[in-house]
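Structure file run-v3.cif (mmCIF, C-alpha atoms and all ligand atoms) is printed below.
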data_work
loop_
_atom_site.label_atom_id
_atom_site.label_comp_id
_atom_site.auth_asym_id
_atom_site.auth_seq_id
_atom_site.Cartn_x
_atom_site.Cartn_y
_atom_site.Cartn_z
CA MET A 1 101.18 117.96 119.33
CA ASP A 2 103.19 119.89 121.93
CA LEU A 3 102.01 118.59 125.30
CA GLY A 4 103.80 121.37 127.17
CA LEU A 5 105.39 118.98 129.66
CA ASN A 6 109.03 119.75 128.91
CA ASN A 7 110.87 120.42 132.20
CA LYS A 8 107.73 120.01 134.32
CA THR A 9 108.48 118.25 137.60
CA VAL A 10 106.48 115.04 137.85
CA LEU A 11 106.12 112.57 140.72
CA VAL A 12 104.75 109.14 139.89
CA ALA A 13 104.16 107.17 143.08
CA ALA A 14 104.64 103.38 143.30
CA ALA A 15 106.56 103.19 140.04
CA SER A 16 109.24 100.50 140.33
CA GLN A 17 107.29 98.34 137.87
CA GLY A 18 103.97 97.92 136.12
CA LEU A 19 101.65 100.82 135.41
CA GLY A 20 103.56 103.35 137.50
CA LYS A 21 106.80 102.60 135.70
CA ALA A 22 105.13 102.87 132.28
CA ILE A 23 103.59 106.23 133.26
CA ALA A 24 107.00 107.51 134.41
CA GLU A 25 108.48 106.47 131.05
CA GLY A 26 105.66 108.29 129.26
CA PHE A 27 106.47 111.55 131.05
CA THR A 28 110.22 111.10 130.49
CA ALA A 29 109.59 110.79 126.75
CA GLU A 30 107.90 114.23 126.89
CA GLY A 31 110.97 115.85 128.44
CA ALA A 32 109.57 116.09 131.96
CA LYS A 33 111.78 115.86 135.03
CA VAL A 34 110.41 112.66 136.50
CA PHE A 35 110.69 111.33 140.05
CA THR A 36 109.46 107.91 141.06
CA CYS A 37 109.22 106.17 144.38
CA SER A 38 108.37 102.79 145.85
CA ARG A 39 109.70 100.63 148.67
CA HIS A 40 112.50 99.34 146.38
CA THR A 41 113.59 102.27 144.18
CA PRO A 42 116.54 104.61 144.67
CA ILE A 43 114.08 107.10 146.20
CA GLN A 44 112.48 104.81 148.76
CA CYS A 45 109.10 105.52 150.25
CA ASP A 46 106.59 103.24 151.88
CA LEU A 47 103.35 104.98 150.99
CA THR A 48 101.65 103.69 154.12
CA ASN A 49 104.08 105.80 156.17
CA PRO A 50 103.13 109.53 156.30
CA GLU A 51 106.57 110.55 157.59
CA GLN A 52 108.28 108.85 154.64
CA ILE A 53 105.91 110.67 152.26
CA ARG A 54 106.76 113.98 153.95
CA GLN A 55 110.48 113.26 153.54
CA LEU A 56 109.96 112.24 149.91
CA LEU A 57 108.21 115.50 149.05
CA GLU A 58 110.87 117.51 150.90
CA THR A 59 113.61 115.74 148.91
CA ILE A 60 111.97 116.38 145.54
CA GLY A 61 110.84 119.98 146.14
CA PRO A 62 108.02 121.69 144.20
CA ILE A 63 105.99 119.29 142.04
CA ASP A 64 103.91 120.33 139.01
CA VAL A 65 102.29 116.98 138.21
CA LEU A 66 101.39 114.29 140.74
CA VAL A 67 100.27 110.79 139.86
CA THR A 68 98.97 108.96 142.92
CA ASN A 69 99.35 105.20 142.78
CA ALA A 70 100.08 102.37 145.21
CA GLY A 71 100.21 98.61 145.36
CA GLY A 72 96.99 96.70 144.86
CA PRO A 73 94.78 95.91 147.85
CA LYS A 74 94.35 92.35 149.10
CA PRO A 75 91.85 90.41 146.99
CA GLY A 76 88.93 88.65 148.67
CA THR A 77 85.21 88.59 149.35
CA PHE A 78 83.60 90.23 152.39
CA SER A 79 83.96 87.18 154.65
CA ALA A 80 87.68 86.86 153.90
CA ILE A 81 88.64 90.43 154.80
CA SER A 82 89.58 91.23 158.39
CA ASP A 83 89.53 94.61 160.11
CA ALA A 84 93.32 94.67 159.74
CA ASP A 85 92.95 94.15 155.96
CA TRP A 86 90.45 97.02 155.73
CA GLU A 87 92.76 99.28 157.74
CA ALA A 88 95.78 98.31 155.61
CA THR A 89 93.91 99.06 152.38
CA PHE A 90 92.65 102.36 153.77
CA GLN A 91 96.21 103.43 154.59
CA LEU A 92 97.74 102.19 151.32
CA THR A 93 95.03 103.25 148.90
CA PHE A 94 93.29 106.26 150.48
CA MET A 95 95.56 107.91 153.04
CA SER A 96 98.60 107.69 150.74
CA ALA A 97 96.68 109.82 148.23
CA ILE A 98 95.68 112.28 150.97
CA HIS A 99 99.27 112.73 152.16
CA LEU A 100 100.71 113.10 148.66
CA ILE A 101 98.04 115.54 147.50
CA ARG A 102 98.23 117.65 150.67
CA GLY A 103 101.97 117.96 150.15
CA VAL A 104 101.86 119.14 146.52
CA LEU A 105 98.89 121.54 146.62
CA PRO A 106 100.55 124.67 148.13
CA HIS A 107 103.09 124.98 145.28
CA MET A 108 100.47 124.28 142.64
CA GLN A 109 98.20 126.94 144.12
CA GLN A 110 101.05 129.41 144.32
CA GLN A 111 101.95 129.00 140.65
CA HIS A 112 98.29 128.70 139.63
CA TRP A 113 98.99 125.50 137.68
CA GLY A 114 98.96 121.87 138.64
CA ARG A 115 97.82 118.43 137.59
CA ILE A 116 96.79 115.60 139.88
CA ILE A 117 95.91 112.23 138.44
CA CYS A 118 94.73 109.45 140.75
CA LEU A 119 95.26 105.94 139.45
CA THR A 120 92.46 103.69 140.67
CA SER A 121 90.60 100.83 138.94
CA THR A 122 87.38 100.22 137.04
CA SER A 123 86.09 99.08 140.44
CA VAL A 124 85.19 102.76 141.00
CA LYS A 125 82.56 102.39 138.28
CA GLN A 126 81.50 98.78 138.64
CA PRO A 127 82.37 96.55 141.62
CA LEU A 128 84.71 93.67 140.73
CA ASP A 129 84.26 90.14 142.03
CA ASN A 130 86.64 89.08 144.79
CA LEU A 131 88.04 92.61 145.22
CA ILE A 132 85.78 94.10 147.85
CA THR A 133 88.46 96.30 149.45
CA SER A 134 89.24 97.85 146.06
CA ASN A 135 85.54 98.36 145.32
CA ALA A 136 84.89 100.21 148.57
CA ILE A 137 88.05 102.21 149.15
CA ARG A 138 88.89 103.19 145.58
CA ALA A 139 85.38 104.64 145.32
CA ALA A 140 86.38 106.94 148.18
CA VAL A 141 89.49 108.00 146.25
CA ALA A 142 87.38 108.76 143.18
CA ASN A 143 84.98 110.93 145.18
CA LEU A 144 87.89 112.63 146.90
CA ALA A 145 89.32 113.49 143.47
CA LYS A 146 85.98 114.84 142.26
CA SER A 147 85.67 117.00 145.38
CA LEU A 148 89.21 118.34 144.90
CA ALA A 149 88.47 119.12 141.25
CA ASN A 150 85.57 121.30 142.44
CA GLU A 151 87.63 122.99 145.14
CA TYR A 152 90.88 123.64 143.30
CA GLY A 153 89.84 124.23 139.70
CA GLN A 154 89.85 127.97 140.51
CA ASP A 155 93.56 127.62 141.36
CA GLY A 156 94.47 126.31 137.91
CA ILE A 157 94.72 122.75 139.22
CA THR A 158 92.93 119.84 137.55
CA VAL A 159 92.24 116.60 139.39
CA ASN A 160 91.22 113.50 137.46
CA VAL A 161 90.91 109.76 137.99
CA VAL A 162 92.23 107.14 135.60
CA ALA A 163 90.61 103.76 136.08
CA PRO A 164 92.55 100.91 134.43
CA GLY A 165 90.84 97.72 133.35
CA MET A 166 93.17 94.77 132.83
CA PHE A 167 96.76 95.51 131.89
CA GLU A 168 99.62 93.05 131.49
CA THR A 169 101.52 93.55 134.77
CA ASP A 170 102.59 91.47 137.79
CA ARG A 171 99.46 92.57 139.60
CA LEU A 172 97.27 91.09 136.85
CA GLN A 173 99.23 87.80 136.96
CA LYS A 174 98.60 87.57 140.70
CA LEU A 175 94.89 88.29 140.32
CA ILE A 176 94.58 85.63 137.60
CA GLN A 177 96.41 83.14 139.84
CA SER A 178 94.07 83.98 142.74
CA ARG A 179 91.05 83.38 140.48
CA ALA A 180 92.56 80.11 139.17
CA ASP A 181 93.16 78.91 142.74
CA ALA A 182 89.49 79.59 143.55
CA SER A 183 88.02 78.15 140.33
CA GLY A 184 90.26 75.13 139.83
CA TYR A 185 91.02 76.19 136.22
CA MET A 186 94.60 76.30 134.94
CA PHE A 187 96.24 79.76 134.91
CA ASP A 188 96.07 80.05 131.09
CA GLU A 189 92.43 78.96 131.00
CA GLU A 190 91.50 81.55 133.61
CA LYS A 191 93.47 84.19 131.72
CA ASP A 192 91.61 83.38 128.52
CA ILE A 193 88.24 83.53 130.29
CA LEU A 194 89.11 87.01 131.52
CA ARG A 195 90.43 88.13 128.14
CA ARG A 196 87.16 87.17 126.49
CA THR A 197 85.20 89.44 128.88
CA ILE A 198 86.93 92.48 127.32
CA PRO A 199 85.12 93.84 124.24
CA VAL A 200 88.42 94.45 122.38
CA ARG A 201 89.48 90.87 123.33
CA ARG A 202 92.94 91.77 124.62
CA PHE A 203 94.64 93.00 127.77
CA GLY A 204 95.97 96.54 127.80
CA ASP A 205 99.57 97.53 127.20
CA PRO A 206 100.79 99.71 130.14
CA ALA A 207 102.09 102.22 127.55
CA GLU A 208 98.47 102.79 126.48
CA LEU A 209 97.52 103.72 130.02
CA ALA A 210 100.58 105.96 130.27
CA ALA A 211 99.53 107.87 127.14
CA THR A 212 96.17 108.67 128.75
CA VAL A 213 97.74 109.89 131.99
CA VAL A 214 100.30 112.00 130.13
CA PHE A 215 97.56 113.67 128.07
CA LEU A 216 95.51 114.50 131.18
CA ALA A 217 98.61 116.18 132.62
CA SER A 218 99.32 118.13 129.45
CA GLU A 219 98.51 121.74 128.47
CA PRO A 220 96.03 120.64 125.78
CA GLY A 221 94.34 118.44 128.41
CA GLY A 222 93.83 121.40 130.73
CA TYR A 223 90.06 121.63 130.33
CA ILE A 224 89.52 118.04 131.48
CA ASN A 225 88.78 118.27 135.19
CA GLY A 226 86.91 116.00 137.59
CA VAL A 227 86.48 113.03 135.28
CA SER A 228 86.84 109.36 136.10
CA LEU A 229 88.13 107.84 132.90
CA ALA A 230 88.01 104.08 132.40
CA VAL A 231 90.83 102.82 130.18
CA ASP A 232 89.63 99.27 129.84
CA GLY A 233 88.94 98.21 126.26
CA GLY A 234 85.22 98.62 126.96
CA LEU A 235 85.16 96.22 129.92
CA THR A 236 83.01 98.44 132.17
CA LYS A 237 79.34 97.98 131.38
CA SER A 238 78.23 101.43 132.55
CA VAL A 239 78.99 104.82 130.90
N1 LIG A 301 97.42 95.98 136.24
C1 LIG A 301 96.14 96.15 136.12
O1 LIG A 301 95.52 95.64 135.20
C2 LIG A 301 95.38 97.02 137.12
C3 LIG A 301 94.02 97.20 136.93
C4 LIG A 301 93.32 97.99 137.82
C5 LIG A 301 93.97 98.57 138.88
N2 LIG A 301 95.30 98.36 139.04
C6 LIG A 301 95.92 98.98 140.20
O2 LIG A 301 96.90 99.92 139.77
C7 LIG A 301 97.99 99.92 140.71
C8 LIG A 301 99.29 99.59 139.97
O3 LIG A 301 99.09 98.35 139.34
P1 LIG A 301 100.29 97.51 138.73
O4 LIG A 301 99.67 96.51 137.85
O5 LIG A 301 101.34 98.42 138.21
O6 LIG A 301 100.82 96.79 140.06
P2 LIG A 301 102.25 96.10 140.33
O7 LIG A 301 102.88 95.65 139.07
O8 LIG A 301 101.97 95.13 141.42
O9 LIG A 301 103.11 97.31 140.91
C9 LIG A 301 102.78 97.87 142.16
C10 LIG A 301 103.76 98.99 142.48
O10 LIG A 301 103.40 99.51 143.75
C11 LIG A 301 104.59 99.61 144.55
N3 LIG A 301 104.16 99.49 145.94
C12 LIG A 301 103.46 98.49 146.51
N4 LIG A 301 103.26 98.74 147.81
C13 LIG A 301 103.85 99.93 148.07
C14 LIG A 301 104.01 100.72 149.24
N5 LIG A 301 103.51 100.34 150.42
N6 LIG A 301 104.70 101.88 149.14
C15 LIG A 301 105.23 102.26 147.97
N7 LIG A 301 105.10 101.58 146.83
C16 LIG A 301 104.42 100.41 146.89
C17 LIG A 301 105.47 98.47 144.07
O11 LIG A 301 106.85 98.71 144.30
P3 LIG A 301 107.66 98.15 145.57
O12 LIG A 301 107.32 96.72 145.71
O13 LIG A 301 109.07 98.45 145.23
O14 LIG A 301 107.18 98.98 146.74
C18 LIG A 301 105.21 98.55 142.56
O15 LIG A 301 106.02 99.53 141.95
C19 LIG A 301 97.64 98.89 141.78
O16 LIG A 301 96.99 99.54 142.85
C20 LIG A 301 96.66 97.99 141.07
O17 LIG A 301 95.78 97.33 141.96
C21 LIG A 301 96.01 97.60 138.18
#
As a first step, turn the structure in this file into structure tokens.
Ligand SMILES: NC(=O)c1ccc[n+]([C@@H]2O[C@H](COP(=O)([O-])OP(=O)(O)OC[C@H]3O[C@@H](n4cnc5c(N)ncnc54)[C@H](OP(=O)(O)O)[C@@H]3O)[C@@H](O)[C@H]2O)c1
Amino acid sequence: MDLGLNNKTVLVAAASQGLGKAIAEGFTAEGAKVFTCSRHTPIQCDLTNPEQIRQLLETIGPIDVLVTNAGGPKPGTFSAISDADWEATFQLTFMSAIHLIRGVLPHMQQQHWGRIICLTSTSVKQPLDNLITSNAIRAAVANLAKSLANEYGQDGITVNVVAPGMFETDRLQKLIQSRADASGYMFDEEKDILRRTIPVRRFGDPAELAATVVFLASEPGGYINGVSLAVDGGLTKSV
């Protein structure tokens, strides 16, 4: 299948490792011109800093496909999260998406074609234990994306959310360690407990998530707009 992504300019945010990196590799394999950023990549950008995002977008120029992504918010229950933690998550998870999206829309509107994919978490569909900041603030990102899909569909721009379940990355290792610290189980025991909650009984390969994102950005994926797609091996218990 020709995905029509050859020579498209793609920005994948927060892509020095993990899911972002896998998504960038997926677009590269389709012949796209791919830019990545993070705090430690050749194109450096701290996504909590609006001025650095502005400079990033100026450096890259017109972007056809944007994948919003950022580091994971601090885990914890309500009593463990301070106002500063809420503010930090809001900046990292929500405002980074606002600044990136605002920067790419004019060109997409002008050419009457664009794709925006917001990477979130299954927490947008079903709150996760010990991740209250993710549950609350990613839900705002998902509703932002749905609103933008309504507003900008007429401009040839689709906006979708991809909600990963549990993929083998550093972030997952840290979350398992945090759960093991709380439960008193060994790391491997905690990992196995989590694995067995997934209907397909395995963690995801980041390349599988990348394939989904790449399809949503493709020409054949152009009629998919405003969805929140869980890629989670069936983990989420709602439709
Ligand atoms: N892995 C999973 O199973 C899973 C499931 C659901 C949701 N998620 C979410 O999906 C996102 C990516 O997950 P992941 O597993 O790929 O995480 P990861 O392996 O921890 O990678 C996080 C990426 O974000 C970058 N980053 C962190 N803070 C940043 C900042 N302030 N500015 C710019 N870049 C920043 C990091 O690069 P630098 O350190 O170089 O900045 C890195 O490239 C996270 O938000 C995570 O919570 C992951």
**OP:** Skip Arg201 in chain A itself and residues of its chain fewer than 2 positions away, then list as number ranges by chain all residues within 12 Å of it, counting all atoms listed in the file.
**Re:** A: 166, 191-199, 203-204, 232-235
Could you dump the residues just selected with C-alpha atoms as a short mmCIF file (atom, residue, chain, number, x, y, z; two decimals), in the frame of the given file?
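What follows is the written file out.cif:
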data_model
loop_
_atom_site.label_atom_id
_atom_site.label_comp_id
_atom_site.auth_asym_id
_atom_site.auth_seq_id
_atom_site.Cartn_x
_atom_site.Cartn_y
_atom_site.Cartn_z
CA MET A 166 93.17 94.77 132.83
CA LYS A 191 93.47 84.19 131.72
CA ASP A 192 91.61 83.38 128.52
CA ILE A 193 88.24 83.53 130.29
CA LEU A 194 89.11 87.01 131.52
CA ARG A 195 90.43 88.13 128.14
CA ARG A 196 87.16 87.17 126.49
CA THR A 197 85.20 89.44 128.88
CA ILE A 198 86.93 92.48 127.32
CA PRO A 199 85.12 93.84 124.24
CA PHE A 203 94.64 93.00 127.77
CA GLY A 204 95.97 96.54 127.80
CA ASP A 232 89.63 99.27 129.84
CA GLY A 233 88.94 98.21 126.26
CA GLY A 234 85.22 98.62 126.96
CA LEU A 235 85.16 96.22 129.92
#
Would you give me, as CSV, each residue of chain A having an atom within 8 Å of an atom of ligand LIG 301 (chain A), along with its shortest atom pair and that distance in Å to one decimal, using only C-alpha atoms and all ligand atoms and sorting by chain and residue number?
residue,atom,partner,partner_atom,distance
A:Ala13,CA,A:LIG301,N7,6.8
A:Ala14,CA,A:LIG301,C11,4.0
A:Ala15,CA,A:LIG301,O15,4.2
A:Ser16,CA,A:LIG301,O15,3.7
A:Gln17,CA,A:LIG301,O15,4.4
A:Gly18,CA,A:LIG301,O5,3.4
A:Leu19,CA,A:LIG301,O5,3.7
A:Gly20,CA,A:LIG301,O5,5.5
A:Lys21,CA,A:LIG301,O15,7.0
A:Cys37,CA,A:LIG301,N7,6.6
A:Ser38,CA,A:LIG301,N7,3.6
A:Arg39,CA,A:LIG301,O14,3.6
A:His40,CA,A:LIG301,O13,3.7
A:Thr41,CA,A:LIG301,O13,6.0
A:Gln44,CA,A:LIG301,C15,7.7
A:Cys45,CA,A:LIG301,C15,5.6
A:Asp46,CA,A:LIG301,N6,3.6
A:Leu47,CA,A:LIG301,N6,3.9
A:Thr48,CA,A:LIG301,N5,5.3
A:Asn49,CA,A:LIG301,N5,7.9
A:Asn69,CA,A:LIG301,C7,5.8
A:Ala70,CA,A:LIG301,O10,4.6
A:Gly71,CA,A:LIG301,C12,3.4
A:Gly72,CA,A:LIG301,O17,3.2
A:Pro73,CA,A:LIG301,O17,6.1
A:Leu92,CA,A:LIG301,N5,6.1
A:Thr93,CA,A:LIG301,O16,7.4
A:Leu119,CA,A:LIG301,O2,6.2
A:Thr120,CA,A:LIG301,C5,5.6
A:Ser121,CA,A:LIG301,C5,4.1
A:Thr122,CA,A:LIG301,C4,6.4
A:Ser123,CA,A:LIG301,C4,7.8
A:Ser134,CA,A:LIG301,O17,7.7
A:Ala163,CA,A:LIG301,C4,6.6
A:Pro164,CA,A:LIG301,C4,4.5
A:Gly165,CA,A:LIG301,C3,4.8
A:Met166,CA,A:LIG301,O1,3.4
A:Phe167,CA,A:LIG301,O1,3.5
A:Glu168,CA,A:LIG301,N1,6.0
A:Thr169,CA,A:LIG301,O4,4.7
A:Asp170,CA,A:LIG301,O7,4.4
A:Arg171,CA,A:LIG301,O8,4.0
A:Leu172,CA,A:LIG301,N1,4.9
A:Phe203,CA,A:LIG301,O1,7.9
A:Gly204,CA,A:LIG301,O1,7.5
A:Pro206,CA,A:LIG301,N1,7.9
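Atom pair CA of Glu25 in chain A / CA of Asn160 in chain A: separated by 19.7 Å.
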Original post:
For Trp113 in chain A, which of A:Thr68, A:Ile157, A:Phe215, A:Phe35 is the closest residue, counting only C-alpha atoms?
Top reply: A:Ile157
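Minimum atom-to-atom distance to Gly222 in chain A, evaluated using all atoms listed in the file, belongs to A:Ile116 out of A:Ile43, A:Ile176, A:Ala140, A:Ile116.
The gap separating CA of Lys74 in chain A from CA of Lys237 in chain A is 23.9 Å, in Å to one decimal.
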Subject >> Neighbour list for Asn130 in chain A as a ChimeraX atom specification, cut-off 8 Å, all atoms listed in the file, skip fewer than 5 positions in-chain >> reply: /A:75-77
Output file for the selection above: C-alpha atoms, as a PDB file, keeping the file's coordinate frame:
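New file part_9.pdb:
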ATOM      1  CA  PRO A  75      91.850  90.410 146.990  1.00  0.00           C
ATOM      2  CA  GLY A  76      88.930  88.650 148.670  1.00  0.00           C
ATOM      3  CA  THR A  77      85.210  88.590 149.350  1.00  0.00           C
TER       4      THR A  77
END
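Among A:Ser79, A:Gln177, A:Asn150, A:Gln91, the residue with the shortest atom-to-atom distance to Ile132 in chain A, counting only C-alpha atoms, is A:Ser79.
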Subject >> Interatomic distance, CA of Arg102 in chain A to CA of Ala230 in chain A (Å, one decimal) >> reply: 24.9 Å
**OP:** For each of A:Leu148, A:Ile137, A:Leu128, A:Val231, take the minimum atom-to-atom distance to Ala207 in chain A, counting only C-alpha atoms, then give the residue where this is smallest.
**Re:** A:Val231
**OP:** Skip Thr158 in chain A itself and residues of its chain fewer than 2 positions away, then list as number ranges by chain all residues within 6 Å of it, counting all atoms listed in the file.
**Re:** A: 115, 149, 153, 225
**OP:** Name all residues at most 6 Å from His112 in chain A (count only C-alpha atoms; drop same-chain ones fewer than 3 positions away) and give them as a ChimeraX atom specification.
**Re:** /A:108-109,155-156
Got a minute to add N, CA and C atoms to range 160-181 of chain A and dump it as a PDB file, in the frame of the given file?
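Output (result-v3.pdb):
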ATOM      1  N   ASN A 160      91.961 114.522 138.202  1.00  0.00           N
ATOM      2  CA  ASN A 160      91.220 113.500 137.460  1.00  0.00           C
ATOM      3  C   ASN A 160      91.585 112.103 137.940  1.00  0.00           C
ATOM      4  N   VAL A 161      90.688 111.164 137.632  1.00  0.00           N
ATOM      5  CA  VAL A 161      90.910 109.760 137.990  1.00  0.00           C
ATOM      6  C   VAL A 161      91.076 108.962 136.704  1.00  0.00           C
ATOM      7  N   VAL A 162      92.082 108.096 136.696  1.00  0.00           N
ATOM      8  CA  VAL A 162      92.230 107.140 135.600  1.00  0.00           C
ATOM      9  C   VAL A 162      91.993 105.748 136.169  1.00  0.00           C
ATOM     10  N   ALA A 163      91.054 105.051 135.562  1.00  0.00           N
ATOM     11  CA  ALA A 163      90.610 103.760 136.080  1.00  0.00           C
ATOM     12  C   ALA A 163      90.998 102.645 135.101  1.00  0.00           C
ATOM     13  N   PRO A 164      92.117 101.965 135.366  1.00  0.00           N
ATOM     14  CA  PRO A 164      92.550 100.910 134.430  1.00  0.00           C
ATOM     15  C   PRO A 164      91.663  99.670 134.526  1.00  0.00           C
ATOM     16  N   GLY A 165      91.504  99.029 133.382  1.00  0.00           N
ATOM     17  CA  GLY A 165      90.840  97.720 133.350  1.00  0.00           C
ATOM     18  C   GLY A 165      91.862  96.634 133.625  1.00  0.00           C
ATOM     19  N   MET A 166      92.198  95.860 132.615  1.00  0.00           N
ATOM     20  CA  MET A 166      93.170  94.770 132.830  1.00  0.00           C
ATOM     21  C   MET A 166      94.396  94.958 131.944  1.00  0.00           C
ATOM     22  N   PHE A 167      95.504  95.272 132.600  1.00  0.00           N
ATOM     23  CA  PHE A 167      96.760  95.510 131.890  1.00  0.00           C
ATOM     24  C   PHE A 167      97.772  94.435 132.262  1.00  0.00           C
ATOM     25  N   GLU A 168      98.621  94.127 131.303  1.00  0.00           N
ATOM     26  CA  GLU A 168      99.620  93.050 131.490  1.00  0.00           C
ATOM     27  C   GLU A 168     100.709  93.508 132.458  1.00  0.00           C
ATOM     28  N   THR A 169     100.510  93.257 133.759  1.00  0.00           N
ATOM     29  CA  THR A 169     101.520  93.550 134.770  1.00  0.00           C
ATOM     30  C   THR A 169     101.549  92.409 135.791  1.00  0.00           C
ATOM     31  N   ASP A 170     102.501  92.483 136.719  1.00  0.00           N
ATOM     32  CA  ASP A 170     102.590  91.470 137.790  1.00  0.00           C
ATOM     33  C   ASP A 170     101.289  91.367 138.572  1.00  0.00           C
ATOM     34  N   ARG A 171     100.695  92.533 138.822  1.00  0.00           N
ATOM     35  CA  ARG A 171      99.460  92.570 139.600  1.00  0.00           C
ATOM     36  C   ARG A 171      98.379  91.731 138.906  1.00  0.00           C
ATOM     37  N   LEU A 172      98.277  91.862 137.581  1.00  0.00           N
ATOM     38  CA  LEU A 172      97.270  91.090 136.850  1.00  0.00           C
ATOM     39  C   LEU A 172      97.570  89.593 136.954  1.00  0.00           C
ATOM     40  N   GLN A 173      98.862  89.233 136.847  1.00  0.00           N
ATOM     41  CA  GLN A 173      99.230  87.800 136.960  1.00  0.00           C
ATOM     42  C   GLN A 173      98.768  87.244 138.300  1.00  0.00           C
ATOM     43  N   LYS A 174      98.976  88.043 139.354  1.00  0.00           N
ATOM     44  CA  LYS A 174      98.600  87.570 140.700  1.00  0.00           C
ATOM     45  C   LYS A 174      97.079  87.426 140.820  1.00  0.00           C
ATOM     46  N   LEU A 175      96.356  88.374 140.241  1.00  0.00           N
ATOM     47  CA  LEU A 175      94.890  88.290 140.320  1.00  0.00           C
ATOM     48  C   LEU A 175      94.378  87.081 139.542  1.00  0.00           C
ATOM     49  N   ILE A 176      94.989  86.800 138.395  1.00  0.00           N
ATOM     50  CA  ILE A 176      94.580  85.630 137.600  1.00  0.00           C
ATOM     51  C   ILE A 176      94.869  84.355 138.399  1.00  0.00           C
ATOM     52  N   GLN A 177      96.051  84.322 139.048  1.00  0.00           N
ATOM     53  CA  GLN A 177      96.410  83.140 139.840  1.00  0.00           C
ATOM     54  C   GLN A 177      95.412  82.951 140.993  1.00  0.00           C
ATOM     55  N   SER A 178      95.022  84.069 141.625  1.00  0.00           N
ATOM     56  CA  SER A 178      94.070  83.980 142.740  1.00  0.00           C
ATOM     57  C   SER A 178      92.727  83.447 142.238  1.00  0.00           C
ATOM     58  N   ARG A 179      92.305  83.887 141.048  1.00  0.00           N
ATOM     59  CA  ARG A 179      91.050  83.380 140.480  1.00  0.00           C
ATOM     60  C   ARG A 179      91.179  81.908 140.117  1.00  0.00           C
ATOM     61  N   ALA A 180      92.349  81.520 139.559  1.00  0.00           N
ATOM     62  CA  ALA A 180      92.560  80.110 139.170  1.00  0.00           C
ATOM     63  C   ALA A 180      92.549  79.217 140.411  1.00  0.00           C
ATOM     64  N   ASP A 181      93.156  79.692 141.498  1.00  0.00           N
ATOM     65  CA  ASP A 181      93.160  78.910 142.740  1.00  0.00           C
ATOM     66  C   ASP A 181      91.723  78.671 143.227  1.00  0.00           C
TER      67      ASP A 181
END
